[in-house]
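All remarks here apply to the structure that follows.
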Amino acid sequence: MAAALEEARAAAARGEVPVGAVVVAPDGRIVARAGNRTRERHDPTAHAEILALRAACAMAGSERLPGHDLYVTLEPCPMCASAIGQARIARLYYGASDAKSGGVAHGPRIFDHPQSHHVPEVYDSIAATAAEELLKAFFARRRGGVD
């Protein structure tokens with residue numbers, strides 16, 4: 001999760017919502033890492049998870065990543081949760097919960113639907129305090145007109 005937090009900090013420095021994601025191969029190597037780039041790319045799908053999954057799939061030469069783990073600093077939204085299932089991620093570790101826009105433990109709970117063909121093991125609240133502090137500081141700056 002430390003690497004995902006680094007990506008979140010880098011995203012914040014770019015003016016993006018501070019979310020970071022890291023894909024880890026079955027052998028423990030980080031094979032992809034990303035932070036949000038929606039504003040930079042003018043792309044609503046450029047969430048950290050999507051970018052990390054795309055890079056890991058390109059490296060693997062496959063649309064699926066069986067046995068891989070995904071670490072992300074914020075509970076994935078419904079779009080990202082669906083992509084995680086489509087990629088066949090084995091284990092999802094996330095930090096802060098997202099009661100407003102989450103898609104795993106909140107909102108539509110993507111993995112609870114019968115249409116979800118693959119359900120990863122899910123572990124929440126990993127380094128949640130650090131992830132929450134990044135998000136709170138980012139949005140406080142935005143509301144204060146600093147960003």
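Chains: A, B, ... in order of the structure tokens. Residues: from 1 per chain. Ligands: from 1, in order shown.
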- [ ] Would you list, as a PyMOL selection string, the residues of chain A that end up in helix (DSSP H, G or I) under DSSP run on this structure's backbone?
- [x] chain A and resi 2-13+38-41+48-60+78-86+110-112+128-143
Task: Residue set, range 53-112 of chain A restricted to strand (DSSP E or B), as a PyMOL selection string - done: chain A and resi 69-74+91-96
Task: Spatial neighbours of Ala90 in chain A, 7 Å, only C-alpha atoms, chain gap at least 4 places, as a count of residues only - done: 6
Residues of range 59-105 of chain A that have any atom at most 12 Å from an atom of range 21-28 of chain A: could you tabulate them with the shortest-distance atom pair and the distance in Å to one decimal, using only C-alpha atoms, ordered by chain and increasing number, as a Markdown table?
| residue | atom | partner | partner_atom | distance |
| --- | --- | --- | --- | --- |
| A:Met59 | CA | A:Ala25 | CA | 10.9 |
| A:Ala60 | CA | A:Ala25 | CA | 9.8 |
| A:Arg64 | CA | A:Ala25 | CA | 12.0 |
| A:Leu65 | CA | A:Ala25 | CA | 8.3 |
| A:Pro66 | CA | A:Pro26 | CA | 8.4 |
| A:Gly67 | CA | A:Pro26 | CA | 5.4 |
| A:His68 | CA | A:Ala25 | CA | 4.7 |
| A:Asp69 | CA | A:Val24 | CA | 5.1 |
| A:Leu70 | CA | A:Val23 | CA | 4.6 |
| A:Tyr71 | CA | A:Val22 | CA | 5.2 |
| A:Val72 | CA | A:Ala21 | CA | 4.2 |
| A:Thr73 | CA | A:Ala21 | CA | 6.6 |
| A:Leu74 | CA | A:Ala21 | CA | 8.8 |
| A:Glu75 | CA | A:Ala21 | CA | 10.7 |
| A:Pro76 | CA | A:Ala21 | CA | 10.0 |
| A:Cys80 | CA | A:Ala21 | CA | 11.1 |
| A:Ile84 | CA | A:Val23 | CA | 10.7 |
| A:Ala87 | CA | A:Val23 | CA | 11.2 |
| A:Ile89 | CA | A:Val23 | CA | 9.0 |
| A:Ala90 | CA | A:Pro26 | CA | 9.3 |
| A:Arg91 | CA | A:Val24 | CA | 9.7 |
| A:Leu92 | CA | A:Val23 | CA | 9.5 |
| A:Tyr93 | CA | A:Ala21 | CA | 9.7 |
| A:Tyr94 | CA | A:Ala21 | CA | 9.0 |
| A:Gly95 | CA | A:Ala21 | CA | 10.5 |
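Among A:Gly102, A:Pro18, A:Pro114, A:Gly85, the residue with the shortest atom-to-atom distance to Phe139 in chain A, counting only C-alpha atoms, is A:Pro18.
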Open item on the list: Calculated over only C-alpha atoms, which of the candidates A:Ala13, A:Cys77, A:Ala46, A:Val119 has the smallest distance to Val104 in chain A?
Closed with: A:Cys77
